[in-house]
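S.K.: Take this structure, written in structure tokens, and hold onto it; I'll ask about it next.
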Amino acid sequence: MMINVRGTLLDLSRPKVMGIINVTDDSFYSQSRYKGESAVAAAAERMLEHGADIIDVGGCSTRPGTKPVESGDELTNVEMAVKVIRRLFPEALISVDTFRSCVAEAAISGCGADIINDISGGEMDSDMFQLVTRLNVPYIMMHMQGTPLTMQDNPLYDDVVADILLWFAKRITSLRQGGVKDIILDPGFGFGKTQNHNFEMLRRFEEFHIAGLPLL
């Protein structure tokens, strides 16, 4: 499975390594947090040297129970990190982890990021699909039931895999109608799922391939 990233075909038929750089104070995994240009630069260099294929930059924590930071704060942090990585490592592939279209547009158009990684699959910003269509960049679409603040408050499914596949199908159709070709699916382990849901998804993971798209 191939996606087009800046005119280069990236083969996703084999697993790729994504390095995570969170320019936040409260991301749930403390070792993914980096503050300031020097810390971001050092982390990106280390990840690329160790074989990372993509560097994912996030400026807003989405751990369970959190309220998102203000968009201006997220934008400031993301712009700083993406600009540093792009300047020092011009060939690096950079994804921006955001559910806000304004942050995604600034990171792509203004700073040189390549991929949008949206935990809400377009549900938390109604302008996101229009932006992806207009920019024509690869889009990682994750499933999440609820929001980071509410997603672990008794998540319910009739059939967790079938329900997520139906959710994906509707959004894939919408994106395809807009001409978006490069879509990656992320079932969203731990985002609006109980432990049992997560194990059921893992047990039946092959079923997600029915969509015919790469999986994160």
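Ligands are numbered from 1 in the order shown, residues from 1 within each chain, and chains are lettered A, B, ... in the order they appear in the structure tokens.
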For segment 89-93 of chain A, please output as a list in words all residues within 9 Å (counting only C-alpha atoms; exclusion window: fewer than 3 positions along the same chain).
M.R.: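 Residues meeting the cut-off are Val5, Ala44, Glu45, Leu48, Asp53, Ile54, Ile55, Asp56, Val84, Ile85, Arg86, Ala113, Asp114 and Ile115 of chain A.
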S.K.: Write the residues of the selection above to a file with N, CA and C atoms, as an mmCIF file, in the first residue's frame.
M.R.:
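After the write, part.cif holds the following:
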data_model
loop_
_atom_site.group_PDB
_atom_site.id
_atom_site.type_symbol
_atom_site.label_atom_id
_atom_site.label_comp_id
_atom_site.auth_asym_id
_atom_site.auth_seq_id
_atom_site.Cartn_x
_atom_site.Cartn_y
_atom_site.Cartn_z
ATOM 1 N N VAL A 5 3.624 11.211 -0.450
ATOM 2 C CA VAL A 5 4.065 12.232 0.503
ATOM 3 C C VAL A 5 5.038 13.161 -0.212
ATOM 4 N N ALA A 44 14.623 14.736 17.638
ATOM 5 C CA ALA A 44 14.416 14.380 16.236
ATOM 6 C C ALA A 44 15.664 13.729 15.651
ATOM 7 N N GLU A 45 16.823 14.268 15.969
ATOM 8 C CA GLU A 45 18.062 13.688 15.463
ATOM 9 C C GLU A 45 18.238 12.256 15.963
ATOM 10 N N LEU A 48 15.687 9.885 14.193
ATOM 11 C CA LEU A 48 16.029 9.618 12.793
ATOM 12 C C LEU A 48 17.252 8.713 12.689
ATOM 13 N N ASP A 53 10.883 6.550 10.571
ATOM 14 C CA ASP A 53 10.472 6.909 9.209
ATOM 15 C C ASP A 53 9.673 8.200 9.194
ATOM 16 N N ILE A 54 8.974 8.474 10.278
ATOM 17 C CA ILE A 54 8.120 9.661 10.396
ATOM 18 C C ILE A 54 8.311 10.244 11.789
ATOM 19 N N ILE A 55 8.341 11.571 11.873
ATOM 20 C CA ILE A 55 8.346 12.250 13.163
ATOM 21 C C ILE A 55 6.973 12.887 13.354
ATOM 22 N N ASP A 56 6.301 12.511 14.436
ATOM 23 C CA ASP A 56 4.955 13.009 14.719
ATOM 24 C C ASP A 56 5.035 14.072 15.809
ATOM 25 N N VAL A 84 11.749 23.729 13.400
ATOM 26 C CA VAL A 84 13.078 23.257 13.800
ATOM 27 C C VAL A 84 13.425 21.973 13.067
ATOM 28 N N ILE A 85 12.510 21.028 13.057
ATOM 29 C CA ILE A 85 12.784 19.741 12.420
ATOM 30 C C ILE A 85 12.970 19.909 10.917
ATOM 31 N N ARG A 86 12.110 20.697 10.294
ATOM 32 C CA ARG A 86 12.217 20.886 8.850
ATOM 33 C C ARG A 86 13.533 21.591 8.478
ATOM 34 N N ALA A 113 5.182 20.677 7.382
ATOM 35 C CA ALA A 113 4.772 19.318 7.756
ATOM 36 C C ALA A 113 4.146 18.628 6.547
ATOM 37 N N ASP A 114 4.064 17.305 6.610
ATOM 38 C CA ASP A 114 3.646 16.521 5.449
ATOM 39 C C ASP A 114 2.312 15.806 5.623
ATOM 40 N N ILE A 115 1.970 15.441 6.840
ATOM 41 C CA ILE A 115 0.844 14.548 7.099
ATOM 42 C C ILE A 115 0.021 15.110 8.247
#
S.K.: How many Å separate atom CA of Ile21 of chain A from atom CA of Ile116 of chain A?
M.R.: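 Taking atom CA of Ile21 of chain A and atom CA of Ile116 of chain A, their separation equals 14.5 Å.
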S.K.: Need to verify the contact set: Asp159 of chain A, 10 Å, only C-alpha atoms, exclusion of same-chain residues closer than 5 positions in sequence. Can you return it as a short mmCIF file (atom, residue, chain, number, x, y, z; two decimals) with N, CA, C and O atoms, in the first residue's frame?
M.R.:
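Ended up saving to result-v7.cif:
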data_model
loop_
_atom_site.label_atom_id
_atom_site.label_comp_id
_atom_site.auth_asym_id
_atom_site.auth_seq_id
_atom_site.Cartn_x
_atom_site.Cartn_y
_atom_site.Cartn_z
N ILE A 164 -16.71 0.44 14.56
CA ILE A 164 -15.63 1.31 14.11
C ILE A 164 -15.49 1.25 12.59
O ILE A 164 -15.28 2.28 11.93
N LEU A 165 -15.62 0.07 12.02
CA LEU A 165 -15.54 -0.05 10.56
C LEU A 165 -16.65 0.73 9.87
O LEU A 165 -16.42 1.37 8.84
N HIS A 197 -12.59 -3.88 25.16
CA HIS A 197 -12.68 -3.43 23.78
C HIS A 197 -11.31 -3.49 23.10
O HIS A 197 -11.19 -3.93 21.95
N GLU A 200 -10.39 -7.02 22.27
CA GLU A 200 -11.22 -7.52 21.17
C GLU A 200 -10.73 -6.96 19.83
O GLU A 200 -10.66 -7.68 18.82
N MET A 201 -10.38 -5.68 19.81
CA MET A 201 -9.83 -5.06 18.60
C MET A 201 -8.52 -5.73 18.19
O MET A 201 -8.28 -5.99 17.00
#
S.K.: Under the rule of at most 12 Å, produce a per-residue listing of segment 10-114 of chain A near segment 178-185 of chain A: chain, number, name, the closest pair of atoms, and the distance in Å, as JSON lines, using only C-alpha atoms.
M.R.:
{"residue": "A:Leu10", "atom": "CA", "partner": "A:Asp182", "partner_atom": "CA", "distance": 10.4}
{"residue": "A:Asp11", "atom": "CA", "partner": "A:Asp182", "partner_atom": "CA", "distance": 11.7}
{"residue": "A:Leu12", "atom": "CA", "partner": "A:Ile184", "partner_atom": "CA", "distance": 9.4}
{"residue": "A:Ser13", "atom": "CA", "partner": "A:Ile184", "partner_atom": "CA", "distance": 11.8}
{"residue": "A:Asp114", "atom": "CA", "partner": "A:Asp182", "partner_atom": "CA", "distance": 11.7}
S.K.: Let me see the file: selected residues, C-alpha atoms, as a CSV table (one decimal), in the first residue's frame.
M.R.:
chain,number,residue,atom,x,y,z
A,10,LEU,CA,5.9,5.8,0.8
A,11,ASP,CA,5.3,2.0,0.9
A,12,LEU,CA,3.2,1.1,3.9
A,13,SER,CA,2.9,-2.6,3.1
A,114,ASP,CA,3.6,16.5,5.4
S.K.: Given the choices A:Met151, A:Ala162, A:Met80, A:Met2, which gets closest to Cys111 of chain A if the distance is worked out from only C-alpha atoms?
M.R.: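 Selected residue with least distance to Cys111 of chain A: A:Met80.
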S.K.: When you look at Pro64 of chain A with a cut-off of 7 Å (counting only C-alpha atoms), what residues show up, excluding the ones that are within fewer than 6 positions of it in the same chain? I need them as a ChimeraX atom specification.
M.R.: /A:148-149,151-152
S.K.: For the residues selected in the previous step, produce a file with N, CA, C and O atoms as a short mmCIF file (atom, residue, chain, number, x, y, z; two decimals), in the first residue's frame.
M.R.:
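The result, written out as result-v3.cif:
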data_model
loop_
_atom_site.label_atom_id
_atom_site.label_comp_id
_atom_site.auth_asym_id
_atom_site.auth_seq_id
_atom_site.Cartn_x
_atom_site.Cartn_y
_atom_site.Cartn_z
N PRO A 148 -11.41 13.69 24.47
CA PRO A 148 -10.45 13.28 25.51
C PRO A 148 -11.01 13.46 26.93
O PRO A 148 -10.70 12.67 27.82
N LEU A 149 -11.86 14.46 27.12
CA LEU A 149 -12.42 14.70 28.46
C LEU A 149 -13.42 13.62 28.85
O LEU A 149 -13.53 13.25 30.03
N MET A 151 -14.04 10.48 26.91
CA MET A 151 -13.99 9.23 26.15
C MET A 151 -13.95 7.96 27.00
O MET A 151 -14.35 6.89 26.53
N GLN A 152 -13.49 8.05 28.23
CA GLN A 152 -13.44 6.85 29.07
C GLN A 152 -14.62 6.77 30.04
O GLN A 152 -14.62 5.94 30.95
#
S.K.: From the DSSP assignment of the backbone, select every residue of segment 22-193 of chain A that is alpha helix (DSSP H), and format the answer as a compact mmCIF listing (two decimals) with N, CA, C and O atoms, in the first residue's frame.
M.R.:
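Contents of the output file states17.txt:
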# COMPACT_ATOMS: atom_id res chain seq x y z
N GLU A 37 13.58 24.52 21.51
CA GLU A 37 14.12 24.12 20.22
C GLU A 37 15.24 23.09 20.35
O GLU A 37 15.31 22.14 19.57
N SER A 38 16.13 23.27 21.31
CA SER A 38 17.27 22.35 21.43
C SER A 38 16.81 20.95 21.79
O SER A 38 17.33 19.95 21.27
N ALA A 39 15.81 20.85 22.66
CA ALA A 39 15.30 19.53 23.05
C ALA A 39 14.60 18.85 21.87
O ALA A 39 14.77 17.64 21.65
N VAL A 40 13.83 19.61 21.12
CA VAL A 40 13.15 19.06 19.94
C VAL A 40 14.17 18.60 18.91
O VAL A 40 14.07 17.51 18.34
N ALA A 41 15.18 19.43 18.65
CA ALA A 41 16.21 19.09 17.66
C ALA A 41 16.96 17.82 18.05
O ALA A 41 17.18 16.94 17.22
N ALA A 42 17.33 17.72 19.31
CA ALA A 42 18.07 16.55 19.77
C ALA A 42 17.22 15.29 19.68
O ALA A 42 17.70 14.22 19.28
N ALA A 43 15.95 15.41 20.04
CA ALA A 43 15.06 14.25 19.98
C ALA A 43 14.86 13.79 18.54
O ALA A 43 14.91 12.59 18.25
N ALA A 44 14.62 14.74 17.64
CA ALA A 44 14.42 14.38 16.24
C ALA A 44 15.66 13.73 15.65
O ALA A 44 15.57 12.72 14.93
N GLU A 45 16.82 14.27 15.97
CA GLU A 45 18.06 13.69 15.46
C GLU A 45 18.24 12.26 15.96
O GLU A 45 18.59 11.35 15.19
N ARG A 46 17.99 12.06 17.24
CA ARG A 46 18.13 10.72 17.82
C ARG A 46 17.16 9.74 17.17
O ARG A 46 17.53 8.60 16.84
N MET A 47 15.93 10.15 16.99
CA MET A 47 14.93 9.27 16.40
C MET A 47 15.27 8.90 14.96
O MET A 47 15.17 7.74 14.56
N LEU A 48 15.69 9.89 14.19
CA LEU A 48 16.03 9.62 12.79
C LEU A 48 17.25 8.71 12.69
O LEU A 48 17.30 7.81 11.84
N GLU A 49 18.22 8.93 13.56
CA GLU A 49 19.42 8.08 13.55
C GLU A 49 19.08 6.63 13.91
O GLU A 49 19.73 5.70 13.44
N SER A 71 -6.10 26.88 21.40
CA SER A 71 -5.56 26.68 20.06
C SER A 71 -4.31 27.51 19.80
O SER A 71 -3.39 27.07 19.12
N GLY A 72 -4.26 28.72 20.38
CA GLY A 72 -3.09 29.57 20.19
C GLY A 72 -1.84 28.97 20.80
O GLY A 72 -0.76 29.03 20.21
N ASP A 73 -1.99 28.37 21.98
CA ASP A 73 -0.85 27.73 22.64
C ASP A 73 -0.40 26.50 21.85
O ASP A 73 0.80 26.26 21.67
N GLU A 74 -1.37 25.71 21.39
CA GLU A 74 -1.03 24.54 20.58
C GLU A 74 -0.29 24.97 19.32
O GLU A 74 0.74 24.38 18.95
N LEU A 75 -0.82 25.98 18.66
CA LEU A 75 -0.22 26.45 17.41
C LEU A 75 1.21 26.93 17.61
O LEU A 75 2.11 26.59 16.83
N THR A 76 1.45 27.69 18.67
CA THR A 76 2.80 28.20 18.94
C THR A 76 3.79 27.06 19.12
O THR A 76 4.89 27.07 18.54
N ASN A 77 3.42 26.06 19.90
CA ASN A 77 4.32 24.94 20.16
C ASN A 77 4.56 24.09 18.92
O ASN A 77 5.70 23.67 18.65
N VAL A 78 3.50 23.82 18.16
CA VAL A 78 3.63 23.00 16.96
C VAL A 78 4.48 23.71 15.91
O VAL A 78 5.36 23.09 15.28
N GLU A 79 4.23 24.98 15.70
CA GLU A 79 5.00 25.73 14.71
C GLU A 79 6.49 25.71 15.05
O GLU A 79 7.34 25.51 14.17
N MET A 80 6.81 25.93 16.31
CA MET A 80 8.22 25.91 16.72
C MET A 80 8.85 24.56 16.39
O MET A 80 9.92 24.49 15.76
N ALA A 81 8.21 23.49 16.78
CA ALA A 81 8.81 22.16 16.62
C ALA A 81 8.93 21.77 15.16
O ALA A 81 9.98 21.26 14.73
N VAL A 82 7.90 22.00 14.38
CA VAL A 82 7.94 21.61 12.96
C VAL A 82 9.00 22.41 12.22
O VAL A 82 9.75 21.86 11.39
N LYS A 83 9.08 23.71 12.50
CA LYS A 83 10.09 24.54 11.82
C LYS A 83 11.51 24.08 12.14
O LYS A 83 12.38 24.03 11.26
N VAL A 84 11.75 23.73 13.40
CA VAL A 84 13.08 23.26 13.80
C VAL A 84 13.43 21.97 13.07
O VAL A 84 14.53 21.83 12.50
N ILE A 85 12.51 21.03 13.06
CA ILE A 85 12.78 19.74 12.42
C ILE A 85 12.97 19.91 10.92
O ILE A 85 13.90 19.34 10.33
N ARG A 86 12.11 20.70 10.29
CA ARG A 86 12.22 20.89 8.85
C ARG A 86 13.53 21.59 8.48
O ARG A 86 14.17 21.25 7.49
N ARG A 87 13.96 22.56 9.30
CA ARG A 87 15.19 23.28 9.00
C ARG A 87 16.42 22.39 9.13
O ARG A 87 17.31 22.41 8.27
N LEU A 88 16.46 21.59 10.17
CA LEU A 88 17.64 20.77 10.44
C LEU A 88 17.64 19.46 9.67
O LEU A 88 18.72 18.93 9.35
N SER A 101 -8.19 22.22 12.54
CA SER A 101 -7.80 22.50 11.16
C SER A 101 -6.87 23.70 11.06
O SER A 101 -5.98 23.73 10.20
N CYS A 102 -7.03 24.69 11.94
CA CYS A 102 -6.16 25.87 11.87
C CYS A 102 -4.72 25.50 12.20
O CYS A 102 -3.78 26.02 11.57
N VAL A 103 -4.53 24.61 13.16
CA VAL A 103 -3.18 24.16 13.51
C VAL A 103 -2.61 23.31 12.38
O VAL A 103 -1.44 23.45 12.00
N ALA A 104 -3.43 22.43 11.83
CA ALA A 104 -2.97 21.58 10.73
C ALA A 104 -2.55 22.42 9.53
O ALA A 104 -1.51 22.17 8.91
N GLU A 105 -3.34 23.42 9.20
CA GLU A 105 -3.01 24.25 8.03
C GLU A 105 -1.71 25.01 8.24
O GLU A 105 -0.87 25.08 7.34
N MET A 128 -12.08 20.19 9.10
CA MET A 128 -10.89 19.38 8.86
C MET A 128 -10.93 18.68 7.50
O MET A 128 -9.93 18.68 6.76
N PHE A 129 -12.04 18.07 7.14
CA PHE A 129 -12.10 17.34 5.87
C PHE A 129 -11.92 18.28 4.69
O PHE A 129 -11.28 17.93 3.69
N GLN A 130 -12.49 19.47 4.78
CA GLN A 130 -12.32 20.45 3.71
C GLN A 130 -10.85 20.84 3.57
O GLN A 130 -10.34 21.00 2.46
N LEU A 131 -10.16 20.97 4.70
CA LEU A 131 -8.74 21.32 4.67
C LEU A 131 -7.93 20.20 4.03
O LEU A 131 -7.06 20.45 3.17
N VAL A 132 -8.18 18.95 4.44
CA VAL A 132 -7.44 17.83 3.88
C VAL A 132 -7.65 17.77 2.37
O VAL A 132 -6.71 17.53 1.60
N THR A 133 -8.88 18.00 1.94
CA THR A 133 -9.18 18.00 0.51
C THR A 133 -8.43 19.10 -0.21
O THR A 133 -7.84 18.88 -1.29
N ARG A 134 -8.43 20.28 0.37
CA ARG A 134 -7.77 21.42 -0.28
C ARG A 134 -6.25 21.27 -0.34
O ARG A 134 -5.62 21.56 -1.35
N LEU A 135 -5.65 20.79 0.76
CA LEU A 135 -4.20 20.66 0.80
C LEU A 135 -3.71 19.40 0.10
O LEU A 135 -2.54 19.33 -0.30
N VAL A 160 -17.54 -3.73 18.80
CA VAL A 160 -16.55 -2.66 18.71
C VAL A 160 -15.89 -2.60 17.34
O VAL A 160 -15.69 -1.50 16.79
N VAL A 161 -15.54 -3.74 16.74
CA VAL A 161 -14.87 -3.73 15.44
C VAL A 161 -15.84 -3.32 14.34
O VAL A 161 -15.53 -2.46 13.51
N ALA A 162 -17.02 -3.92 14.33
CA ALA A 162 -18.01 -3.58 13.30
C ALA A 162 -18.44 -2.12 13.39
O ALA A 162 -18.58 -1.44 12.36
N ASP A 163 -18.62 -1.62 14.60
CA ASP A 163 -19.04 -0.22 14.77
C ASP A 163 -17.97 0.74 14.27
O ASP A 163 -18.28 1.75 13.62
N ILE A 164 -16.71 0.44 14.56
CA ILE A 164 -15.63 1.31 14.11
C ILE A 164 -15.49 1.25 12.59
O ILE A 164 -15.28 2.28 11.93
N LEU A 165 -15.62 0.07 12.02
CA LEU A 165 -15.54 -0.05 10.56
C LEU A 165 -16.65 0.73 9.87
O LEU A 165 -16.42 1.37 8.84
N LEU A 166 -17.85 0.72 10.42
CA LEU A 166 -18.94 1.50 9.85
C LEU A 166 -18.65 2.99 9.96
O LEU A 166 -18.89 3.76 9.02
N TRP A 167 -18.12 3.40 11.10
CA TRP A 167 -17.73 4.80 11.31
C TRP A 167 -16.68 5.22 10.29
O TRP A 167 -16.77 6.28 9.68
N PHE A 168 -15.68 4.36 10.09
CA PHE A 168 -14.65 4.64 9.09
C PHE A 168 -15.28 4.74 7.69
O PHE A 168 -14.92 5.63 6.90
N ALA A 169 -16.15 3.81 7.34
CA ALA A 169 -16.69 3.74 5.99
C ALA A 169 -17.37 5.04 5.59
O ALA A 169 -17.20 5.52 4.46
N LYS A 170 -18.14 5.61 6.49
CA LYS A 170 -18.84 6.86 6.19
C LYS A 170 -17.84 7.99 5.92
O LYS A 170 -18.03 8.79 4.99
N ARG A 171 -16.78 8.04 6.69
CA ARG A 171 -15.82 9.12 6.55
C ARG A 171 -14.88 8.90 5.35
O ARG A 171 -14.47 9.86 4.70
N ILE A 172 -14.57 7.66 5.08
CA ILE A 172 -13.77 7.37 3.88
C ILE A 172 -14.54 7.80 2.64
O ILE A 172 -13.98 8.42 1.73
N THR A 173 -15.83 7.50 2.60
CA THR A 173 -16.66 7.89 1.46
C THR A 173 -16.66 9.40 1.28
O THR A 173 -16.51 9.91 0.17
N SER A 174 -16.81 10.13 2.38
CA SER A 174 -16.81 11.59 2.32
C SER A 174 -15.48 12.12 1.79
O SER A 174 -15.45 13.01 0.93
N LEU A 175 -14.38 11.57 2.28
CA LEU A 175 -13.07 12.02 1.83
C LEU A 175 -12.83 11.66 0.37
O LEU A 175 -12.31 12.47 -0.41
N ARG A 176 -13.21 10.46 -0.02
CA ARG A 176 -13.03 10.03 -1.41
C ARG A 176 -13.83 10.93 -2.36
O ARG A 176 -13.36 11.26 -3.45
N GLN A 177 -15.02 11.30 -1.96
CA GLN A 177 -15.83 12.18 -2.80
C GLN A 177 -15.17 13.53 -3.00
O GLN A 177 -15.40 14.20 -4.01
S.K.: Which residue out of A:Gly112, A:Gly36, A:Gly122, A:Gly59 has the minimum interatomic distance to Thr147 of chain A when only C-alpha atoms are used?
M.R.: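 Distance minimum relative to Thr147 of chain A lands on A:Gly122.
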S.K.: Please return as JSON, numbers by chain: the residues of segment 27-207 of chain A that backbone DSSP assigns to strand (DSSP E or B).
M.R.: {"A": [33, 54, 55, 56, 57, 58, 93, 94, 95, 96, 97, 115, 116, 117, 118, 139, 140, 141, 142, 183, 184, 185, 186]}
S.K.: Write out the residues from the selection above, keeping N, CA, C and O atoms, as a compact mmCIF listing (two decimals), in the first residue's frame.
M.R.:
# COMPACT_ATOMS: atom_id res chain seq x y z
N ARG A 33 7.72 14.05 26.00
CA ARG A 33 7.59 15.51 26.14
C ARG A 33 8.94 16.19 25.93
O ARG A 33 9.95 15.78 26.50
N ILE A 54 8.97 8.47 10.28
CA ILE A 54 8.12 9.66 10.40
C ILE A 54 8.31 10.24 11.79
O ILE A 54 8.42 9.50 12.77
N ILE A 55 8.34 11.57 11.87
CA ILE A 55 8.35 12.25 13.16
C ILE A 55 6.97 12.89 13.35
O ILE A 55 6.53 13.69 12.53
N ASP A 56 6.30 12.51 14.44
CA ASP A 56 4.95 13.01 14.72
C ASP A 56 5.03 14.07 15.81
O ASP A 56 5.53 13.80 16.90
N VAL A 57 4.54 15.27 15.50
CA VAL A 57 4.62 16.40 16.42
C VAL A 57 3.23 16.73 16.96
O VAL A 57 2.28 16.93 16.19
N GLY A 58 3.11 16.77 18.29
CA GLY A 58 1.85 17.13 18.91
C GLY A 58 2.01 18.26 19.90
O GLY A 58 2.99 18.30 20.64
N LEU A 93 10.17 13.11 7.16
CA LEU A 93 8.72 13.12 7.01
C LEU A 93 8.12 13.51 8.36
O LEU A 93 8.42 12.90 9.37
N ILE A 94 7.27 14.54 8.34
CA ILE A 94 6.71 15.08 9.58
C ILE A 94 5.20 15.01 9.53
O ILE A 94 4.57 15.49 8.57
N SER A 95 4.61 14.42 10.57
CA SER A 95 3.16 14.48 10.72
C SER A 95 2.83 15.40 11.88
O SER A 95 3.62 15.52 12.83
N VAL A 96 1.68 16.04 11.79
CA VAL A 96 1.24 16.92 12.87
C VAL A 96 0.01 16.31 13.51
O VAL A 96 -0.98 16.01 12.85
N ASP A 97 0.10 16.06 14.82
CA ASP A 97 -0.97 15.42 15.59
C ASP A 97 -1.87 16.52 16.13
O ASP A 97 -1.55 17.16 17.13
N ILE A 115 1.97 15.44 6.84
CA ILE A 115 0.84 14.55 7.10
C ILE A 115 0.02 15.11 8.25
O ILE A 115 0.57 15.65 9.21
N ILE A 116 -1.30 14.98 8.16
CA ILE A 116 -2.19 15.36 9.26
C ILE A 116 -2.61 14.10 10.00
O ILE A 116 -3.08 13.14 9.39
N ASN A 117 -2.44 14.11 11.31
CA ASN A 117 -2.78 12.98 12.17
C ASN A 117 -3.87 13.45 13.14
O ASN A 117 -3.59 14.15 14.11
N ASP A 118 -5.12 13.09 12.85
CA ASP A 118 -6.28 13.64 13.56
C ASP A 118 -6.92 12.57 14.44
O ASP A 118 -7.54 11.63 13.94
N TYR A 139 -3.73 11.77 5.25
CA TYR A 139 -4.55 12.02 6.43
C TYR A 139 -4.68 10.75 7.24
O TYR A 139 -5.17 9.73 6.76
N ILE A 140 -4.20 10.80 8.48
CA ILE A 140 -4.38 9.70 9.42
C ILE A 140 -5.67 9.96 10.19
O ILE A 140 -5.78 10.96 10.91
N MET A 141 -6.63 9.08 10.02
CA MET A 141 -7.96 9.25 10.61
C MET A 141 -8.14 8.24 11.74
O MET A 141 -8.23 7.04 11.51
N MET A 142 -8.17 8.75 12.96
CA MET A 142 -8.32 7.88 14.12
C MET A 142 -9.75 7.87 14.60
O MET A 142 -10.46 8.89 14.51
N ILE A 183 -5.20 7.98 2.64
CA ILE A 183 -5.84 7.88 3.94
C ILE A 183 -5.24 6.70 4.71
O ILE A 183 -5.07 5.62 4.16
N ILE A 184 -4.92 6.94 5.97
CA ILE A 184 -4.42 5.90 6.86
C ILE A 184 -5.40 5.80 8.03
O ILE A 184 -5.84 6.82 8.57
N LEU A 185 -5.76 4.58 8.40
CA LEU A 185 -6.72 4.38 9.47
C LEU A 185 -6.04 4.00 10.78
O LEU A 185 -5.10 3.22 10.80
N ASP A 186 -6.56 4.58 11.86
CA ASP A 186 -6.09 4.25 13.21
C ASP A 186 -7.31 3.91 14.05
O ASP A 186 -8.11 4.80 14.35
